[in-house]
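Shown next, in structure tokens, is the structure this report addresses.
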Amino acid sequence: MIIENIILAAQELATFKTLLLMSVGTIAGLIAGAIPGFTIAMAVVLTLPFTFGMPPAQGLATMIGVFVGGLSGGLMSGILIGIPGTPSSVATTFDGFPMARKGKPGLALGLGVWASFFGGTISAVLLVTLAPQLARIGLEFQPWDYFALIIFALTIAASLAGANLIKGLIAAALGLLIATIGEDSVNGIARFNFGSDSLKQGFDFLPVLIGLFAFSQLLSDIQDRVRARDKLTETSGVNARIEHRKAAVMVLKSWVNLVRSALIGVFTGILPAAGSTISNILAYDQAKKASKNPQEFGTGCADGIIAPESANNATAGGALITMMALGIPGDIVTAVMLGALLIHDVIPSPSFINDSPVLAYAIFIAFFVANFLMLFLQSGALKLFVLITKVRMYVLASIILAYCGIGIFALNNVAFDMWTLFWFGILGYVMRNLGFPLAPMILGVVLGRIAELWLSRATAITTDITPFFTHPWSLFFIILALFSMFFSSYQTQRGRKAWTIFYTPALIAFLSIPMFMMVGTVRPMLGGVLLVIAVIMVFRSYKRGWKVDPTDADDHRLTEG
Amino acid sequence: MSRLNRDTIIALLLMVTWIVFLWASFDIRQIDYGTMGAEVWPRGIVILLIVLTAIYLFQGLRAGADEAPDEPFTIKGWFTKYRNPLWCYALYFLFLLSLPVFGMLIGGILLVFCLLTVLGGHTPRDLAIHAAIALISITGMWAIFTFALGVILPQGMIFTTL
């Protein structure tokens, strides 16, 4: 059955048109990822209107091409000019740029490209193997569990989005509120339409998303009059030739770092709202801590390029696992993909892989293929990148602003969507300038209706709220949500305040409770293991005299903007 | 007043907005079927927003007044700082308003040309380049959406008359 599905999915993708679209998507992603100020999410968002008319597998394959390309594109500018193209490549710059300045730009690029490729491939393997397993767990979920999972996704997004948790939570709740405007999906009752017939239909989530994210981003990019007229980047004199062979050998020799970083990437991606912005820094830190020569990091060390690049590409697989198995977007990119699936009347949920196996396997295969395409197209994209960076920011922004309007009109063929784009473009820009993070708000808009649906189903079964605490998975996610709300403070005060010593052991100990409540023997045993780990951690702190470790305070702060 | 800072003002504005929404939530039609009314979820969110904004307001009040800016606030200075985004919004607004008249093709070309000119300068050379960029980019996009993707974009009164 699986082989039959794989063959059918491969047949859908193995057309000249699909492969061409994937190649174009990968190149577009590589270029967009390489341009500082243009994020991967924006590239995927802008690709979306082109995919409306395509079959689902073809459209998603194109978007996956952009996604994978974007994750690798950031390394080009990071290594060659010292400015990361995307936040996913921040850590790559720490060692990539020094190596390039030492006269080895080709090797630095090669290490980045091959680490990206292997990291992506490892995560593709995990995607194929883990997604169906996680979906099986997801099938156990009841409405309370789903609702709690969504709440966790929103709280972690708010917590990771910036220094002020309250602003993040307000943004997430505002996203939920926006999703309530219009007729409710359960009873068909109009809400918050203030007498307007247009508002009765509610806002389509894609114009909201493009307005909040892409439109406001473009206006932020051109806010400064002088910078708006500058070329995208100064890349004069860049003439690097990627050293594929030497780099591939070096990456494979550093296989422990490669695999560890890929695993960090995948598991960061699986977490709702945590993405490649976090994983590349986490992997870099771990590589440095595990290295025999940590003092070499920051001076052009190969491991310092391999770790972040392997991790950021692997994150894509992790984010896709959550989206496909649970129907919860891991980040903005997968939120857009979820939107693309909804346009084609495909609703991702734990039964998605069983209900739409051909499409699910097409996504798996497309992710594999995109990694190969990225590897082959990177050299060509490098030349194109040098050309495109000569364009001035205001030219690109003006064209994209117009394109946003045309693309959004194509969604439903109604001008109201363009007005939605416009108003949410203003809202997004104002929120950016006032320091409100947009990621939690976007997740709120995407997850709002789903959350209401699950809550409605839960209350239809019983109006009692105790199932939220008596269902193991629901309790599991509620504990995670509560702890995630303190994560921002934990990051700020780690290594300085005594309470931070107890944060991780307390989280692990509390998580063991729902594990003990689960049926079977394996999960309660895992709960026991968690409890033992928590006790060991507390005991170690006790042995140190409850003293905080000041070196923890030097670690990078993790934010997913 | 000396304790007012930007966060406090934003929190107050948000609070007013949420109160309007809370008020509007009482206009949502009550249903006598189902266990969860259509007003429950949005009202719950609005109440959550009020609580969060109250905390935000408290944070703002506790933080005290903002540090004095390097330059005193003036309306002209504000317009100068946000000149580019304001132009973009104004032109986009006009583009949307005039869409039924100009349609997507002519309106889009005009939008891009005007955006390029206000953002990038208006020397005769600039104008020529901007006109070429606007014409090529929008016609190209229009052609892709119309012919390749089969989307019927608004033609506008001028286009149909021609």
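Identifiers for the structure tokens are assigned positionally: chains receive A, B, ... in sequence, residues are indexed from 1 per chain, and ligands are indexed from 1 in the order shown.
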
Filtered DSSP result for segment 33-120 of chain A, state helix (DSSP H, G or I), as a VMD selection string: chain A and resid 33 to 34 40 to 51 56 to 81 87 to 101 105 to 120

Residues flagged strand (DSSP E or B) by DSSP in segment 13-218 of chain A, as a PyMOL selection string: chain A and resi 182-183+190-191

Kindly export the residues of the current selection with C-alpha atoms, as a CSV table (one decimal), in the first residue's frame.
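Wrote selection24.csv, looks like this:
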```csv
chain,number,residue,atom,x,y,z
A,182,GLY,CA,-17.7,37.1,10.1
A,183,GLU,CA,-20.0,34.1,10.3
A,190,ALA,CA,-22.6,36.8,12.0
A,191,ARG,CA,-20.1,38.3,14.5
```

Close residues, Ile353 of chain A itself excluded, 9 Å, only C-alpha atoms, min 3 positions apart in chain, as a PyMOL selection string: chain A and resi 131-132+135+324-325+348-350+356-361

Residues of chain A within 6 Å of chain B, counting only C-alpha atoms, as a list in words: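 Only these qualify: Arg191, Leu219, Gln223, Ser398, Ser456 and Ala460 of chain A.
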
Nearby residues (only C-alpha atoms) at most 8 Å from segment 476-492 of chain A, same-chain spacing under 6 positions excluded, as a ChimeraX atom specification: /A:145,148-149,151-153,155-156,158-160,162-165,500,503,507,510-511,514-515,553,557-558

Dump C-alpha atoms for the selected residues as a compact mmCIF listing (two decimals), in the first residue's frame?
```txt
# COMPACT_ATOMS: atom_id res chain seq x y z
CA ASP A 145 -6.26 17.69 23.66
CA ALA A 148 -4.79 22.53 24.60
CA LEU A 149 -2.26 21.89 21.80
CA ILE A 151 -3.13 27.07 23.22
CA PHE A 152 0.40 25.73 23.66
CA ALA A 153 1.28 26.67 20.06
CA THR A 155 1.81 30.66 24.08
CA ILE A 156 5.15 29.33 22.83
CA ALA A 158 4.22 34.57 22.02
CA SER A 159 7.05 33.60 24.31
CA LEU A 160 9.60 33.13 21.55
CA GLY A 162 10.32 38.83 21.59
CA ALA A 163 11.34 40.20 24.93
CA ASN A 164 7.85 41.26 26.04
CA LEU A 165 5.64 38.23 26.60
CA THR A 500 15.90 29.45 36.89
CA TYR A 503 12.66 25.72 35.68
CA LEU A 507 8.97 21.22 33.68
CA PHE A 510 5.38 18.02 35.76
CA LEU A 511 5.43 16.46 32.29
CA PRO A 514 0.45 13.03 32.20
CA MET A 515 2.88 10.37 31.03
CA ALA A 553 23.74 33.83 30.99
CA ARG A 557 18.77 34.52 23.54
CA LEU A 558 16.42 32.42 21.42
```

Which of A:Gly202, A:Pro550, A:Gly275, A:Gly96 sits closest to Arg449 of chain A [using only C-alpha atoms]: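 Closest residue, counting only C-alpha atoms: A:Gly202.
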